[in-house]
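J.: Next comes the structure file my_file_23.pdb, holding PDB, C-alpha atoms and all ligand atoms.
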ATOM      1  CA  MET A   1      -2.031  -2.145   2.898
ATOM      2  CA  PRO A   2      -1.380  -5.302   0.891
ATOM      3  CA  LEU A   3      -3.954  -6.774  -1.460
ATOM      4  CA  PRO A   4      -6.210  -9.443   0.071
ATOM      5  CA  GLU A   5      -4.533 -12.829   0.548
ATOM      6  CA  ARG A   6      -7.495 -14.534  -1.062
ATOM      7  CA  VAL A   7      -9.201 -12.856  -4.000
ATOM      8  CA  ASP A   8     -12.564 -14.150  -5.228
ATOM      9  CA  ALA A   9     -13.602 -11.206  -7.379
ATOM     10  CA  VAL A  10     -11.904  -8.481  -9.392
ATOM     11  CA  PHE A  11     -13.902  -5.407 -10.404
ATOM     12  CA  CYS A  12     -12.677  -2.835 -12.865
ATOM     13  CA  ASP A  13     -13.640   0.715 -13.743
ATOM     14  CA  VAL A  14     -14.268   1.283 -17.478
ATOM     15  CA  GLY A  15     -13.252   4.874 -18.337
ATOM     16  CA  GLY A  16      -9.467   4.906 -18.080
ATOM     17  CA  PRO A  17      -8.701   1.251 -17.415
ATOM     18  CA  VAL A  18     -10.734  -0.260 -20.304
ATOM     19  CA  TYR A  19     -11.531   2.604 -22.708
ATOM     20  CA  THR A  20      -9.515   5.756 -23.161
ATOM     21  CA  ASP A  21     -10.874   8.708 -21.196
ATOM     22  CA  ASP A  22     -10.477  10.710 -24.430
ATOM     23  CA  ASN A  23     -13.928   9.342 -25.318
ATOM     24  CA  PHE A  24     -15.418  11.155 -22.338
ATOM     25  CA  THR A  25     -13.389  14.299 -22.958
ATOM     26  CA  ALA A  26     -14.624  14.501 -26.551
ATOM     27  CA  ALA A  27     -18.243  14.143 -25.408
ATOM     28  CA  VAL A  28     -17.991  16.715 -22.640
ATOM     29  CA  LEU A  29     -16.373  19.234 -25.017
ATOM     30  CA  LEU A  30     -19.223  18.819 -27.525
ATOM     31  CA  ALA A  31     -21.728  19.315 -24.704
ATOM     32  CA  LEU A  32     -19.927  22.386 -23.358
ATOM     33  CA  ASP A  33     -19.777  23.941 -26.826
ATOM     34  CA  GLU A  34     -23.513  23.341 -27.385
ATOM     35  CA  ILE A  35     -24.518  25.016 -24.150
ATOM     36  CA  ARG A  36     -22.102  27.924 -24.600
ATOM     37  CA  VAL A  37     -23.327  28.619 -28.121
ATOM     38  CA  GLU A  38     -26.914  28.564 -26.807
ATOM     39  CA  GLN A  39     -25.805  31.054 -24.169
ATOM     40  CA  GLY A  40     -24.567  33.236 -27.009
ATOM     41  CA  GLY A  41     -20.919  32.655 -26.262
ATOM     42  CA  PRO A  42     -17.988  31.192 -28.200
ATOM     43  CA  PRO A  43     -16.986  27.510 -28.060
ATOM     44  CA  VAL A  44     -14.673  26.434 -25.258
ATOM     45  CA  ASP A  45     -11.074  27.529 -25.579
ATOM     46  CA  ARG A  46      -9.235  24.211 -25.929
ATOM     47  CA  ALA A  47      -6.124  25.408 -24.116
ATOM     48  CA  GLN A  48      -8.219  26.605 -21.185
ATOM     49  CA  PHE A  49     -10.050  23.266 -21.110
ATOM     50  CA  SER A  50      -6.740  21.445 -21.167
ATOM     51  CA  ARG A  51      -5.417  23.421 -18.187
ATOM     52  CA  LEU A  52      -8.607  22.859 -16.229
ATOM     53  CA  TYR A  53      -8.624  19.150 -17.050
ATOM     54  CA  ASP A  54      -5.039  18.791 -15.830
ATOM     55  CA  GLU A  55      -5.925  20.605 -12.595
ATOM     56  CA  MET A  56      -8.896  18.303 -12.026
ATOM     57  CA  ARG A  57      -6.714  15.268 -12.727
ATOM     58  CA  ALA A  58      -4.131  16.492 -10.245
ATOM     59  CA  ALA A  59      -6.719  17.198  -7.529
ATOM     60  CA  GLN A  60      -8.553  13.829  -7.695
ATOM     61  CA  SER A  61     -11.505  15.302  -5.838
ATOM     62  CA  GLY A  62     -14.718  17.060  -6.766
ATOM     63  CA  GLY A  63     -16.815  16.113  -9.760
ATOM     64  CA  PHE A  64     -15.362  16.970 -13.151
ATOM     65  CA  ARG A  65     -18.757  18.072 -14.508
ATOM     66  CA  ARG A  66     -19.412  20.347 -11.538
ATOM     67  CA  THR A  67     -16.060  22.070 -11.974
ATOM     68  CA  LEU A  68     -16.520  22.365 -15.739
ATOM     69  CA  ALA A  69     -20.007  23.815 -15.304
ATOM     70  CA  ARG A  70     -18.690  26.403 -12.850
ATOM     71  CA  GLU A  71     -15.565  27.359 -14.776
ATOM     72  CA  LEU A  72     -16.715  27.081 -18.392
ATOM     73  CA  LEU A  73     -20.475  27.672 -18.222
ATOM     74  CA  GLY A  74     -20.390  30.213 -15.422
ATOM     75  CA  ASP A  75     -22.978  28.310 -13.380
ATOM     76  CA  GLU A  76     -22.351  25.220 -11.257
ATOM     77  CA  SER A  77     -26.066  24.422 -11.308
ATOM     78  CA  LEU A  78     -25.732  23.578 -15.025
ATOM     79  CA  ARG A  79     -23.922  20.400 -13.974
ATOM     80  CA  GLY A  80     -27.063  18.294 -14.557
ATOM     81  CA  GLU A  81     -27.601  19.787 -17.986
ATOM     82  CA  LEU A  82     -23.950  19.160 -18.821
ATOM     83  CA  HIS A  83     -24.294  15.577 -17.596
ATOM     84  CA  GLU A  84     -27.277  14.897 -19.876
ATOM     85  CA  ARG A  85     -25.727  16.539 -22.912
ATOM     86  CA  THR A  86     -22.472  14.675 -22.348
ATOM     87  CA  ALA A  87     -24.304  11.353 -22.060
ATOM     88  CA  ALA A  88     -25.942  11.983 -25.444
ATOM     89  CA  HIS A  89     -22.519  12.358 -27.104
ATOM     90  CA  TRP A  90     -20.578   9.747 -25.114
ATOM     91  CA  ARG A  91     -19.462   6.786 -27.242
ATOM     92  CA  HIS A  92     -16.754   4.197 -27.060
ATOM     93  CA  PRO A  93     -15.850   3.737 -30.732
ATOM     94  CA  ALA A  94     -14.244   0.505 -31.941
ATOM     95  CA  GLY A  95     -10.492   0.667 -31.511
ATOM     96  CA  THR A  96     -10.569   2.787 -28.336
ATOM     97  CA  ALA A  97     -10.290  -0.055 -25.798
ATOM     98  CA  TYR A  98      -6.900  -0.800 -24.288
ATOM     99  CA  ASP A  99      -5.532  -4.209 -25.292
ATOM    100  CA  ASP A 100      -4.210  -4.842 -21.788
ATOM    101  CA  ALA A 101      -7.743  -4.757 -20.351
ATOM    102  CA  LEU A 102      -9.029  -7.645 -22.445
ATOM    103  CA  ALA A 103      -5.784  -9.538 -21.824
ATOM    104  CA  LEU A 104      -6.142  -9.100 -18.057
ATOM    105  CA  PHE A 105      -9.797 -10.157 -17.968
ATOM    106  CA  ARG A 106      -9.042 -13.204 -20.140
ATOM    107  CA  ALA A 107      -6.255 -14.239 -17.783
ATOM    108  CA  LEU A 108      -8.484 -13.869 -14.718
ATOM    109  CA  HIS A 109     -11.689 -15.318 -16.164
ATOM    110  CA  GLY A 110     -12.487 -18.716 -14.713
ATOM    111  CA  HIS A 111     -10.183 -18.133 -11.732
ATOM    112  CA  VAL A 112     -12.080 -15.277 -10.111
ATOM    113  CA  VAL A 113     -15.345 -13.487 -10.761
ATOM    114  CA  VAL A 114     -14.534 -10.654 -13.153
ATOM    115  CA  GLY A 115     -16.707  -7.569 -13.362
ATOM    116  CA  VAL A 116     -16.927  -3.992 -14.498
ATOM    117  CA  LEU A 117     -17.925  -1.411 -11.898
ATOM    118  CA  ALA A 118     -18.306   1.916 -13.611
ATOM    119  CA  ASN A 119     -20.216   5.175 -14.004
ATOM    120  CA  GLN A 120     -21.267   4.584 -17.596
ATOM    121  CA  GLU A 121     -24.264   4.784 -19.890
ATOM    122  CA  ALA A 122     -26.155   1.634 -20.913
ATOM    123  CA  ALA A 123     -24.631   1.699 -24.415
ATOM    124  CA  THR A 124     -21.279   0.792 -22.884
ATOM    125  CA  VAL A 125     -22.536  -2.779 -22.612
ATOM    126  CA  ASP A 126     -22.866  -2.950 -26.414
ATOM    127  CA  ALA A 127     -19.392  -1.482 -26.871
ATOM    128  CA  LEU A 128     -17.876  -4.024 -24.475
ATOM    129  CA  ARG A 129     -19.623  -6.917 -26.228
ATOM    130  CA  ARG A 130     -18.519  -5.637 -29.658
ATOM    131  CA  ASP A 131     -14.940  -5.447 -28.423
ATOM    132  CA  GLY A 132     -14.797  -9.012 -27.120
ATOM    133  CA  PHE A 133     -15.485  -8.491 -23.419
ATOM    134  CA  GLY A 134     -18.806 -10.347 -23.401
ATOM    135  CA  ASP A 135     -17.258 -13.746 -22.713
ATOM    136  CA  VAL A 136     -14.906 -12.640 -19.958
ATOM    137  CA  LEU A 137     -17.199 -10.529 -17.785
ATOM    138  CA  ASP A 138     -19.347 -12.125 -15.098
ATOM    139  CA  VAL A 139     -20.671  -8.971 -13.416
ATOM    140  CA  TRP A 140     -21.938  -5.913 -15.315
ATOM    141  CA  GLY A 141     -21.868  -3.115 -12.792
ATOM    142  CA  ILE A 142     -22.828  -0.276 -15.123
ATOM    143  CA  SER A 143     -24.315   2.634 -13.164
ATOM    144  CA  ALA A 144     -27.019   3.496 -15.715
ATOM    145  CA  LEU A 145     -28.321  -0.082 -15.473
ATOM    146  CA  VAL A 146     -27.854  -0.692 -11.756
ATOM    147  CA  GLY A 147     -29.184   2.699 -10.689
ATOM    148  CA  HIS A 148     -26.295   3.667  -8.423
ATOM    149  CA  GLU A 149     -23.151   5.647  -9.170
ATOM    150  CA  LYS A 150     -19.677   5.557  -7.692
ATOM    151  CA  PRO A 151     -18.562   6.730  -5.191
ATOM    152  CA  SER A 152     -21.753   5.608  -3.424
ATOM    153  CA  ARG A 153     -21.340   2.310  -1.628
ATOM    154  CA  GLU A 154     -24.438   0.846  -3.263
ATOM    155  CA  LEU A 155     -22.777   0.088  -6.604
ATOM    156  CA  PHE A 156     -19.907  -1.708  -4.860
ATOM    157  CA  GLU A 157     -22.301  -3.633  -2.622
ATOM    158  CA  TRP A 158     -24.417  -4.603  -5.623
ATOM    159  CA  ALA A 159     -21.325  -5.949  -7.410
ATOM    160  CA  LEU A 160     -20.168  -7.875  -4.344
ATOM    161  CA  ALA A 161     -23.599  -9.464  -3.993
ATOM    162  CA  GLU A 162     -23.625 -10.377  -7.696
ATOM    163  CA  ALA A 163     -20.180 -11.929  -7.309
ATOM    164  CA  GLY A 164     -21.256 -13.849  -4.221
ATOM    165  CA  THR A 165     -18.349 -12.651  -2.125
ATOM    166  CA  THR A 166     -17.445 -10.067   0.473
ATOM    167  CA  ALA A 167     -15.319  -6.932   0.366
ATOM    168  CA  GLU A 168     -12.279  -8.493   2.032
ATOM    169  CA  HIS A 169     -12.004 -11.003  -0.828
ATOM    170  CA  ALA A 170     -12.449  -8.511  -3.646
ATOM    171  CA  VAL A 171     -10.236  -6.046  -5.497
ATOM    172  CA  HIS A 172     -11.295  -2.921  -7.352
ATOM    173  CA  ILE A 173      -9.176  -1.476 -10.167
ATOM    174  CA  GLY A 174      -9.769   2.140 -11.160
ATOM    175  CA  ASN A 175      -8.071   5.314 -12.338
ATOM    176  CA  ARG A 176      -9.621   7.817  -9.927
ATOM    177  CA  LEU A 177      -8.894   8.215  -6.236
ATOM    178  CA  ASP A 178     -12.198   9.935  -5.423
ATOM    179  CA  THR A 179     -14.568   7.561  -7.201
ATOM    180  CA  ASP A 180     -12.562   4.321  -7.256
ATOM    181  CA  VAL A 181      -9.792   3.897  -4.717
ATOM    182  CA  ARG A 182     -11.263   5.751  -1.725
ATOM    183  CA  PRO A 183     -14.781   4.304  -1.766
ATOM    184  CA  ALA A 184     -13.486   0.776  -2.459
ATOM    185  CA  ARG A 185     -10.954   1.045   0.328
ATOM    186  CA  ALA A 186     -13.555   2.433   2.751
ATOM    187  CA  LEU A 187     -15.631  -0.701   2.184
ATOM    188  CA  GLY A 188     -12.625  -2.986   2.709
ATOM    189  CA  LEU A 189     -11.851  -4.022  -0.877
ATOM    190  CA  GLY A 190      -8.270  -4.236  -2.085
ATOM    191  CA  THR A 191      -7.421  -1.387  -4.432
ATOM    192  CA  VAL A 192      -5.402  -0.943  -7.601
ATOM    193  CA  TRP A 193      -4.903   2.577  -8.991
ATOM    194  CA  VAL A 194      -4.181   2.727 -12.723
ATOM    195  CA  THR A 195      -2.602   6.084 -13.440
ATOM    196  CA  ARG A 196      -3.869   6.809 -16.929
ATOM    197  CA  GLY A 197      -6.632   9.026 -18.302
ATOM    198  CA  GLU A 198      -8.219  11.037 -15.488
ATOM    199  CA  ALA A 199      -5.421  10.132 -13.070
ATOM    200  CA  PRO A 200      -2.791  12.846 -12.536
ATOM    201  CA  ALA A 201       0.108  13.108 -14.954
ATOM    202  CA  HIS A 202       2.423  13.166 -11.932
ATOM    203  CA  PRO A 203       0.843  11.523  -8.870
ATOM    204  CA  THR A 204       2.215  12.625  -5.504
ATOM    205  CA  PRO A 205       3.673  10.060  -3.080
ATOM    206  CA  GLU A 206       0.654  10.704  -0.829
ATOM    207  CA  GLN A 207      -1.729   9.891  -3.678
ATOM    208  CA  VAL A 208       0.191   6.751  -4.597
ATOM    209  CA  ALA A 209       0.061   5.621  -0.963
ATOM    210  CA  GLU A 210      -3.740   5.654  -0.979
ATOM    211  CA  ALA A 211      -4.001   2.487  -3.077
ATOM    212  CA  ASP A 212      -2.650  -0.966  -2.237
ATOM    213  CA  VAL A 213      -1.033  -1.133  -5.661
ATOM    214  CA  THR A 214      -0.387   1.658  -8.198
ATOM    215  CA  VAL A 215       0.410   0.786 -11.816
ATOM    216  CA  PRO A 216       0.732   2.777 -15.048
ATOM    217  CA  ASP A 217      -1.283   0.190 -16.997
ATOM    218  CA  LEU A 218      -2.800  -3.288 -16.587
ATOM    219  CA  THR A 219       0.021  -5.339 -18.095
ATOM    220  CA  THR A 220       1.586  -6.564 -14.831
ATOM    221  CA  LEU A 221      -1.558  -7.310 -12.821
ATOM    222  CA  ALA A 222      -2.570 -10.811 -13.945
ATOM    223  CA  PRO A 223       0.152 -12.752 -12.057
ATOM    224  CA  VAL A 224      -0.258 -10.543  -8.980
ATOM    225  CA  LEU A 225      -3.987 -11.280  -8.814
ATOM    226  CA  LEU A 226      -3.829 -14.921  -9.922
ATOM    227  CA  ALA A 227      -1.366 -15.649  -7.100
ATOM    228  CA  ARG A 228      -4.207 -14.746  -4.716
ATOM    229  CA  THR A 229      -6.905 -16.966  -6.170
ATOM    230  CA  GLY A 230      -7.945 -20.198  -4.551
ATOM    231  CA  GLY A 231      -7.513 -22.252  -7.720
ATOM    232  CA  SER A 232      -9.618 -22.679 -10.825
ATOM    233  CA  ARG A 233     -13.355 -22.071 -10.660
ATOM    234  CA  ALA A 234     -15.972 -23.669 -12.785
ATOM    235  CA  GLY A 235     -17.154 -21.566 -15.682
TER     236      GLY A 235
HETATM  237 MG    MG B 301     -12.276   5.950 -14.706
END
Mind converting the file's structure to structure tokens?

T.:
Amino acid sequence: MPLPERVDAVFCDVGGPVYTDDNFTAAVLLALDEIRVEQGGPPVDRAQFSRLYDEMRAAQSGGFRRTLARELLGDESLRGELHERTAAHWRHPAGTAYDDALALFRALHGHVVVGVLANQEAATVDALRRDGFGDVLDVWGISALVGHEKPSRELFEWALAEAGTTAEHAVHIGNRLDTDVRPARALGLGTVWVTRGEAPAHPTPEQVAEADVTVPDLTTLAPVLLARTGGSRAG
């Protein structure tokens, strides 16, 4: 499917496209170690974690925390506990944003509504402002603030309403098929899959075919998206 002919709004995931997913990985490892030590066990074997992480990236389905709770804590029902502990450690330190994200949003700002649409904690807003994103973002679709998480349709619908447009004139950029590309596509948004971070190291042709556009990074997207805007907007 091609991208929409007319694009009014561009939404972007945060973990992967904007900040390195290493920030999440570091937090989840700290959380796993805490719980395992409390269980009387050793910290997580890093090589085992690495293998599991690569398998989860390749699969692009099923929650990462659920799988980690099952495989590394021995109990899938500890997913909620793992989620809370991870949130407490999850930071986006200065210097961990990708330069191409700010460059893309700057290029788009004023031509389309630009927003983040992400499963993130509230503190991510402070990190984004610190790193220069405050002036180029019109819509702040952060799950902890909005009260809905991807892949549920509510977060996408909230962002569309905030942007004052409809799905057929919007594009969502993300690095996961299960929480970005598939739910966005199901609602009728155009989709861009950025294959870094939690995306597979080697996407299959079938996976690549799920998105309208698949790119390794954000460097080539500005002209593609600007060609679909209806001219300059106020603001
Ligand atoms: Mg992501």

J.: Ligand MG 301 (chain B): which residues are within 10 Å, counting only C-alpha atoms and all ligand atoms, as a short mmCIF file (atom, residue, chain, number, x, y, z; two decimals) with C-alpha atoms, in the frame of the given file?

T.:
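Below is the file that was written, out.cif:
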data_model
loop_
_atom_site.label_atom_id
_atom_site.label_comp_id
_atom_site.auth_asym_id
_atom_site.auth_seq_id
_atom_site.Cartn_x
_atom_site.Cartn_y
_atom_site.Cartn_z
CA CYS A 12 -12.68 -2.84 -12.86
CA ASP A 13 -13.64 0.72 -13.74
CA VAL A 14 -14.27 1.28 -17.48
CA GLY A 15 -13.25 4.87 -18.34
CA GLY A 16 -9.47 4.91 -18.08
CA PRO A 17 -8.70 1.25 -17.42
CA VAL A 18 -10.73 -0.26 -20.30
CA TYR A 19 -11.53 2.60 -22.71
CA THR A 20 -9.52 5.76 -23.16
CA ASP A 21 -10.87 8.71 -21.20
CA PHE A 24 -15.42 11.16 -22.34
CA LEU A 117 -17.92 -1.41 -11.90
CA ALA A 118 -18.31 1.92 -13.61
CA ASN A 119 -20.22 5.18 -14.00
CA GLN A 120 -21.27 4.58 -17.60
CA ILE A 173 -9.18 -1.48 -10.17
CA GLY A 174 -9.77 2.14 -11.16
CA ASN A 175 -8.07 5.31 -12.34
CA ARG A 176 -9.62 7.82 -9.93
CA LEU A 177 -8.89 8.22 -6.24
CA THR A 179 -14.57 7.56 -7.20
CA ASP A 180 -12.56 4.32 -7.26
CA TRP A 193 -4.90 2.58 -8.99
CA VAL A 194 -4.18 2.73 -12.72
CA THR A 195 -2.60 6.08 -13.44
CA ARG A 196 -3.87 6.81 -16.93
CA GLY A 197 -6.63 9.03 -18.30
CA GLU A 198 -8.22 11.04 -15.49
CA ALA A 199 -5.42 10.13 -13.07
#

J.: The PyMOL selection byres (((chain A and resi 191) around 9) and not hetatm) - which residues does that actually catch in the file I just gave you? List them as a VMD selection string.

T.: chain A and resid 2 to 3 170 to 174 180 to 182 184 to 185 188 to 190 192 to 193 210 to 214

J.: How would you write, as a list in words, the residues chosen by the PyMOL selection byres (((chain A and resi 63) around 12) and not hetatm) on this structure?

T.: Tyr53, Met56, Arg57, Ala59, Gln60, Ser61, Gly62, Phe64, Arg65, Arg66, Thr67, Leu68, Ala69, Arg70, Glu76, Arg79, Gly80, Leu82, His83, Lys150, Pro151, Arg176, Leu177, Asp178, Thr179 and Glu198 of chain A

J.: Evaluate the PyMOL selection byres (((chain A and resi 45) around 12) and not hetatm) against this structure - the residues, as an MDAnalysis selection string, please.

T.: chainID A and resid 29 32:33 36 41:44 46:52 71:73

J.: So, counting only C-alpha atoms, which residue among A:Thr165, A:Pro183, A:Leu30, A:Pro223 is closest to A:Glu84?

T.: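 Answer, going by the shortest atom-to-atom distance: A:Leu30.
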